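S.K.: Okay, here's the structure, questions in a sec.
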2 protein chains.
Amino acid sequence: MKASRRLPASERRAQLIEVGRAAFARYGYEGTSMEKVADSARVSKPVIYEHFGGKEGLYAVIVDREMDYVVRRIVEAIATGTPRERVEQASLAFLTYVRDQPDGFAILSQDSPLTATRGRLSSLLNDLAERVGHVFAASFKDAGYDPRAAPIYAHALVGMVTFVGKWWTDVRKPSVEEVAKHIGALAWMGLRHLPKKPTLQSRPR
Amino acid sequence: MKASRRLPASERRAQLIEVGRAAFARYGYEGTSMEKVADSARVSKPVIYEHFGGKEGLYAVIVDREMDYVVRRIVEAIATGTPRERVEQASLAFLTYVRDQPDGFAILSQDSPLTATRGRLSSLLNDLAERVGHVFAASFKDAGYDPRAAPIYAHALVGMVTFVGKWWTDVRKPSVEEVAKHIGALAWMGLRHLPKKPTLQSRPR
DNA sequence: CCGGGTTCTTACCGTTGCGTAACTTACTTC
DNA sequence: GAAGTAAGTTACGCAACGGTAAGAACCCGG
């Protein structure tokens with residue numbers, strides 16, 4: 001073979017990110033070895049260490065880029081429109097991301113051992129949920145709902161879309177637009193008809 | 001120290017399951033070493049191999065028990081009552097499980113490398129979602145909704161509760177009953193007011 | 001064709017982790 | 001108390017992985 005030629009630093013760096021992203025997506029953080037990444041890039045290990053310092057460094061760069069990307073996509077989606085449209089567009093944006101960037105989504109939905117050690121909650125999607133929570137808290141206050149419940153709903157929505165996304169990558173059956181319709185409807189109708197003070201209809205036993 | 005005495009096979013086995021469960025919950029499958037499990041049980045490695053054959057064997061037994069347990073809890077919860085009560089009770093049952101069995105929940109919500117290799121989708125909760133999907137499909141048909149959309153909603157609900165559960169283990173702020181109220185309301189209201197044919201209110205650009 | 005910087009490789013170290021072979025210790029039963 | 005069985009230990013083999021030191025191959029201006 002002997003395919004790969006020598007590359008300038010910036011290109012090599014970009015290639016390593018690409019290759020590493022695919023590896024981390026497929027095998028997870030622990031399951032990915034530097035050897036494999038190096039081999040996939042047709043390069044020897046020290047090259048990676050030269051560029052990223054270590055495994056964590058490479059992973060951090062990849063995760064950072066991915067978070068930036070997906071957050072930007074969603075922020076764009078909810079920039080304008082009625083509340084309902086925003087919910088729908090956010091779902092659609094996320095599912096479109098899942099479809100177009102399955103590797104990125106796989107990385108984000110893995111429990112990353114890095115953030116798990118320093119942070120409390122492992123999931124990177126938690127950040128996203130927290131941001132949504134702040135948006136919700138404001139809307140809740142305006143609408144006369146208890147803002148302390150906002151995080152619950154925020155996490156519920158993120159979890160909903162995430163889990164459906166994970167499932168979708170497997171079955172790939174209805175189009176993301178179709179799925180987004182249903183998710184959007186469920187979320188919106190749920191929020192729209194929320195009682196101010198939810199109660200449990202606990203059944204008598 | 002020299003605390004642990006010799007135990008009969010069945011007790012040792014039970015103890016190893018308990019200890020292993022805690023370890024897998026805390027460090028994940030890959031992050032848990034047999035050495036650590038053995039040390040925690042005040043026993044040497046070959047004892048574990050005698051009982052479970054290997055790491056995968058131990059893990060399989062633990063996961064199997066856990067799935068049995070949680071499924072039984074939920075099946076009990078949705079055995080009787082109105083549809084709404086079932087949704088609420090299912091949420092409450094799951095969140096109660098999250099509260100009372102944080103280790104078990106941690107294990108189930110990890111991406112398990114074992115099922116990931118042989119199966120397609122990693123999550124063990126996927127099985128749960130699939131079962132819910134079947135229940136939904138029947139109800140959908142009766143109510144005049146498209147049963148092909150059932151899996152979407154099933155995964156949405158499971159993802160919702162799971163993600164909120166994960167978050168709850170971290171903050172532990174409102175009681176599970178309180179959280180279940182909101183989740184139940186969101187899910188129920190969403191399902192209740194679902195249009196037969198959801199559409200996207202795509203905004204004009 | 002020669003010096004200087006960049007890019008990359010070979011070869012290795014230390015550690016960790018799964019799994020096993022050979023042996024020892026304790027308990028029970030006659 | 002000896003024989004036999006159940007329970008457990010020590011010590012090791014072996015592979016994989018993260019990381020690094022030392023130097024080779026390449027490229028370009030002079």
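Letters A, B, ... go to the chains of the structure tokens in the order shown; residues in each chain start at 1; ligands are counted from 1 in the same order.
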I need the contact residues of chain D against chain A, so if you could list those with any atom within 10 Å, counting only C-alpha atoms (C1' of nucleotides), and return them as a PyMOL selection string, that would help.
M.R.: chain D and resi 16-20+26
S.K.: Would you write out, as a tab-separated table, a table of all residues in chain C that have an atom no more than 9 Å from an atom of chain A, listing for each the closest atom pair and the distance in Å to one decimal, considering only C-alpha atoms (C1' of nucleotides) and ordering rows by chain and rising residue number?
M.R.:
residue	atom	partner	partner_atom	distance
C:DT6	C1'	A:Pro8	CA	8.6
C:DT7	C1'	A:Arg6	CA	6.9
C:DC8	C1'	A:Val47	CA	6.9
C:DT9	C1'	A:Ser44	CA	6.8
S.K.: With all heavy atoms retained, could you export that selection as a tab-separated table (two decimals), in the first residue's frame?
M.R.:
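Listing of selection_11.tsv after writing:
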chain	number	residue	atom	x	y	z
C	6	DT	P	10.34	24.53	12.28
C	6	DT	OP1	9.55	25.78	12.20
C	6	DT	OP2	10.85	24.03	13.56
C	6	DT	O5'	9.51	23.37	11.59
C	6	DT	C5'	9.32	23.40	10.18
C	6	DT	C4'	9.06	22.00	9.66
C	6	DT	O4'	10.28	21.22	9.68
C	6	DT	C3'	8.04	21.19	10.46
C	6	DT	O3'	6.95	20.92	9.60
C	6	DT	C2'	8.79	19.93	10.88
C	6	DT	C1'	9.90	19.87	9.84
C	6	DT	N1	11.11	19.10	10.24
C	6	DT	C2	11.43	17.95	9.55
C	6	DT	O2	10.77	17.52	8.62
C	6	DT	N3	12.57	17.32	9.97
C	6	DT	C4	13.41	17.70	11.00
C	6	DT	O4	14.41	17.06	11.30
C	6	DT	C5	13.02	18.91	11.69
C	6	DT	C7	13.85	19.42	12.82
C	6	DT	C6	11.89	19.55	11.28
C	7	DT	P	5.65	20.25	10.14
C	7	DT	OP1	4.52	20.73	9.31
C	7	DT	OP2	5.64	20.40	11.61
C	7	DT	O5'	5.90	18.71	9.79
C	7	DT	C5'	6.15	18.33	8.45
C	7	DT	C4'	6.53	16.87	8.38
C	7	DT	O4'	7.84	16.66	8.98
C	7	DT	C3'	5.58	15.93	9.14
C	7	DT	O3'	5.11	14.96	8.23
C	7	DT	C2'	6.44	15.33	10.24
C	7	DT	C1'	7.83	15.42	9.64
C	7	DT	N1	8.95	15.42	10.62
C	7	DT	C2	9.96	14.49	10.48
C	7	DT	O2	9.98	13.66	9.60
C	7	DT	N3	10.96	14.58	11.43
C	7	DT	C4	11.05	15.49	12.46
C	7	DT	O4	11.99	15.47	13.24
C	7	DT	C5	9.97	16.43	12.55
C	7	DT	C7	9.95	17.47	13.63
C	7	DT	C6	8.97	16.36	11.63
C	8	DC	P	3.93	13.97	8.65
C	8	DC	OP1	3.20	13.55	7.43
C	8	DC	OP2	3.21	14.59	9.77
C	8	DC	O5'	4.75	12.71	9.16
C	8	DC	C5'	5.59	12.00	8.24
C	8	DC	C4'	6.50	11.06	8.99
C	8	DC	O4'	7.34	11.80	9.89
C	8	DC	C3'	5.80	10.04	9.88
C	8	DC	O3'	5.82	8.77	9.24
C	8	DC	C2'	6.60	10.05	11.19
C	8	DC	C1'	7.82	10.88	10.84
C	8	DC	N1	8.37	11.61	12.00
C	8	DC	C2	9.63	11.24	12.49
C	8	DC	O2	10.25	10.32	11.94
C	8	DC	N3	10.14	11.89	13.58
C	8	DC	C4	9.44	12.87	14.15
C	8	DC	N4	10.00	13.49	15.19
C	8	DC	C5	8.17	13.29	13.66
C	8	DC	C6	7.67	12.63	12.59
C	9	DT	P	5.26	7.46	9.99
C	9	DT	OP1	4.67	6.58	8.96
C	9	DT	OP2	4.47	7.84	11.16
C	9	DT	O5'	6.62	6.80	10.48
C	9	DT	C5'	7.73	6.70	9.58
C	9	DT	C4'	8.83	5.83	10.20
C	9	DT	O4'	9.56	6.62	11.19
C	9	DT	C3'	8.31	4.59	10.92
C	9	DT	O3'	9.12	3.48	10.55
C	9	DT	C2'	8.46	4.93	12.40
C	9	DT	C1'	9.60	5.93	12.42
C	9	DT	N1	9.45	6.96	13.50
C	9	DT	C2	10.45	7.14	14.41
C	9	DT	O2	11.48	6.49	14.42
C	9	DT	N3	10.20	8.11	15.35
C	9	DT	C4	9.07	8.91	15.44
C	9	DT	O4	8.96	9.76	16.32
C	9	DT	C5	8.07	8.66	14.45
C	9	DT	C7	6.81	9.47	14.46
C	9	DT	C6	8.29	7.72	13.53
S.K.: Please, which residues in chain B fall within 8 Å of chain A when counting only C-alpha atoms, and what is the closest atom pair and distance in Å to one decimal for each, ordered by chain then residue number, as a tab-separated table?
M.R.:
residue	atom	partner	partner_atom	distance
B:Glu30	CA	A:Glu30	CA	7.3
B:Gly81	CA	A:Arg203	CA	7.0
B:Arg84	CA	A:Gln201	CA	8.0
B:Glu85	CA	A:Gln201	CA	6.1
B:Glu88	CA	A:Leu200	CA	7.0
B:Gln89	CA	A:Ser202	CA	7.8
B:Gln110	CA	A:Asp111	CA	7.3
B:Asp111	CA	A:Gln110	CA	7.3
B:Arg120	CA	A:Asp170	CA	7.2
B:Leu121	CA	A:Asp170	CA	6.6
B:Asn126	CA	A:Trp167	CA	7.9
B:Ala149	CA	A:His182	CA	7.7
B:Ile152	CA	A:Val164	CA	6.6
B:Tyr153	CA	A:Ile183	CA	7.4
B:His155	CA	A:Val164	CA	5.5
B:Ala156	CA	A:Met160	CA	4.4
B:Leu157	CA	A:Met160	CA	6.4
B:Val158	CA	A:Met160	CA	7.4
B:Gly159	CA	A:Met160	CA	4.6
B:Met160	CA	A:Ala156	CA	4.4
B:Val161	CA	A:Ala156	CA	6.6
B:Thr162	CA	A:Gly159	CA	7.1
B:Phe163	CA	A:Gly159	CA	4.8
B:Val164	CA	A:His155	CA	5.5
B:Trp167	CA	A:His155	CA	7.4
B:Asp170	CA	A:Leu121	CA	6.7
B:Val179	CA	A:Ile152	CA	7.1
B:Ala180	CA	A:Leu200	CA	7.9
B:Lys181	CA	A:Leu200	CA	5.4
B:His182	CA	A:Pro198	CA	6.0
B:Ile183	CA	A:Ala156	CA	7.4
B:Gly184	CA	A:Leu200	CA	7.8
B:Ala185	CA	A:Pro198	CA	6.3
B:Leu186	CA	A:Gly190	CA	4.5
B:Ala187	CA	A:Gly190	CA	6.1
B:Trp188	CA	A:Gly190	CA	7.0
B:Met189	CA	A:Gly190	CA	4.5
B:Gly190	CA	A:Gly190	CA	3.5
B:Leu191	CA	A:Leu186	CA	6.2
B:His193	CA	A:Met189	CA	5.9
B:Leu194	CA	A:Leu186	CA	6.5
B:Pro195	CA	A:Ala185	CA	7.7
B:Pro198	CA	A:Lys181	CA	5.7
B:Thr199	CA	A:Lys181	CA	5.6
B:Leu200	CA	A:Lys181	CA	5.4
B:Gln201	CA	A:Glu85	CA	6.1
B:Ser202	CA	A:Glu85	CA	6.9
B:Arg203	CA	A:Glu85	CA	6.9
S.K.: Pick out the residues sitting within 12 Å of D:DA3, and hand them over as a CSV table (one decimal) with all heavy atoms, in the first residue's frame; count only C-alpha atoms (C1' of nucleotides), and ignore anything fewer than 3 positions along from it in its own chain.
M.R.:
chain,number,residue,atom,x,y,z
C,28,DT,P,-18.2,-28.1,58.7
C,28,DT,OP1,-19.5,-27.5,58.3
C,28,DT,OP2,-17.7,-28.1,60.0
C,28,DT,O5',-18.1,-29.6,58.1
C,28,DT,C5',-18.4,-29.8,56.7
C,28,DT,C4',-18.3,-31.3,56.5
C,28,DT,O4',-16.9,-31.8,56.5
C,28,DT,C3',-19.0,-32.2,57.5
C,28,DT,O3',-19.6,-33.3,56.8
C,28,DT,C2',-17.9,-32.8,58.3
C,28,DT,C1',-16.8,-32.9,57.3
C,28,DT,N1,-15.4,-33.0,57.8
C,28,DT,C2,-14.5,-33.9,57.3
C,28,DT,O2,-14.8,-34.7,56.4
C,28,DT,N3,-13.2,-33.8,57.8
C,28,DT,C4,-12.7,-33.0,58.8
C,28,DT,O4,-11.6,-33.0,59.2
C,28,DT,C5,-13.7,-32.0,59.3
C,28,DT,C7,-13.3,-31.1,60.4
C,28,DT,C6,-15.0,-32.1,58.8
C,29,DT,P,-21.0,-34.0,57.3
C,29,DT,OP1,-22.1,-33.3,56.6
C,29,DT,OP2,-20.9,-34.0,58.8
C,29,DT,O5',-20.8,-35.4,56.8
C,29,DT,C5',-19.8,-35.7,55.8
C,29,DT,C4',-19.1,-37.0,56.1
C,29,DT,O4',-17.7,-36.7,56.7
C,29,DT,C3',-19.8,-37.9,57.2
C,29,DT,O3',-19.8,-39.2,56.6
C,29,DT,C2',-18.9,-37.8,58.4
C,29,DT,C1',-17.5,-37.6,57.8
C,29,DT,N1,-16.5,-37.0,58.6
C,29,DT,C2,-15.2,-37.4,58.5
C,29,DT,O2,-14.8,-38.3,57.7
C,29,DT,N3,-14.3,-36.8,59.4
C,29,DT,C4,-14.6,-35.8,60.3
C,29,DT,O4,-13.7,-35.3,61.0
C,29,DT,C5,-16.0,-35.5,60.4
C,29,DT,C7,-16.4,-34.4,61.4
C,29,DT,C6,-16.9,-36.1,59.6
C,30,DC,P,-20.8,-40.3,57.3
C,30,DC,OP1,-21.7,-40.8,56.3
C,30,DC,OP2,-21.3,-39.8,58.6
C,30,DC,O5',-19.7,-41.5,57.6
C,30,DC,C5',-18.8,-41.9,56.6
C,30,DC,C4',-17.6,-42.6,57.2
C,30,DC,O4',-16.9,-41.6,58.0
C,30,DC,C3',-17.9,-43.7,58.2
C,30,DC,O3',-17.1,-44.8,57.8
C,30,DC,C2',-17.5,-43.2,59.6
C,30,DC,C1',-16.4,-42.2,59.2
C,30,DC,N1,-16.3,-41.1,60.2
C,30,DC,C2,-15.0,-40.6,60.6
C,30,DC,O2,-14.0,-41.2,60.1
C,30,DC,N3,-14.9,-39.6,61.5
C,30,DC,C4,-16.0,-39.0,62.0
C,30,DC,N4,-15.8,-38.0,62.8
C,30,DC,C5,-17.3,-39.4,61.6
C,30,DC,C6,-17.4,-40.4,60.7
S.K.: Within 12 Å of C:DA21, counting only C-alpha atoms (C1' of nucleotides), which residues qualify if same-chain residues fewer than 5 places away don't, as a list of chain:residue names?
M.R.: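 So the residues in contact are B:Pro46, D:DT10, D:DA11, D:DC12, D:DG13.
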S.K.: With a distance cut-off of 12 Å and only C-alpha atoms (C1' of nucleotides), select the neighbouring residues of D:DG29, excluding the residue or stretch itself and same-chain residues fewer than 2 positions from it, and output the selection as a PyMOL selection string.
M.R.: (chain C and resi 2-5) or (chain D and resi 27)
S.K.: Name the residues of stretch 1-167 of chain B that fall into alpha helix (DSSP H) according to DSSP on the backbone, using the chain letters and numbers of this document, as an MDAnalysis selection string.
M.R.: chainID B and resid 9:31 34:40 45:52 55:77 83:100 102:109 113:118 125:143 150:167
S.K.: As an exercise, work out the distance from atom CA of A:Phe52 to atom C1' of D:DA21 in Å and give it to one decimal place.
M.R.: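 The value is 18.1 Å.
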S.K.: In Å, rounded to a single decimal, give me how far atom CA of B:His51 is from atom C1' of C:DC18.
M.R.: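 Distance between the two atoms: 15.4 Å.
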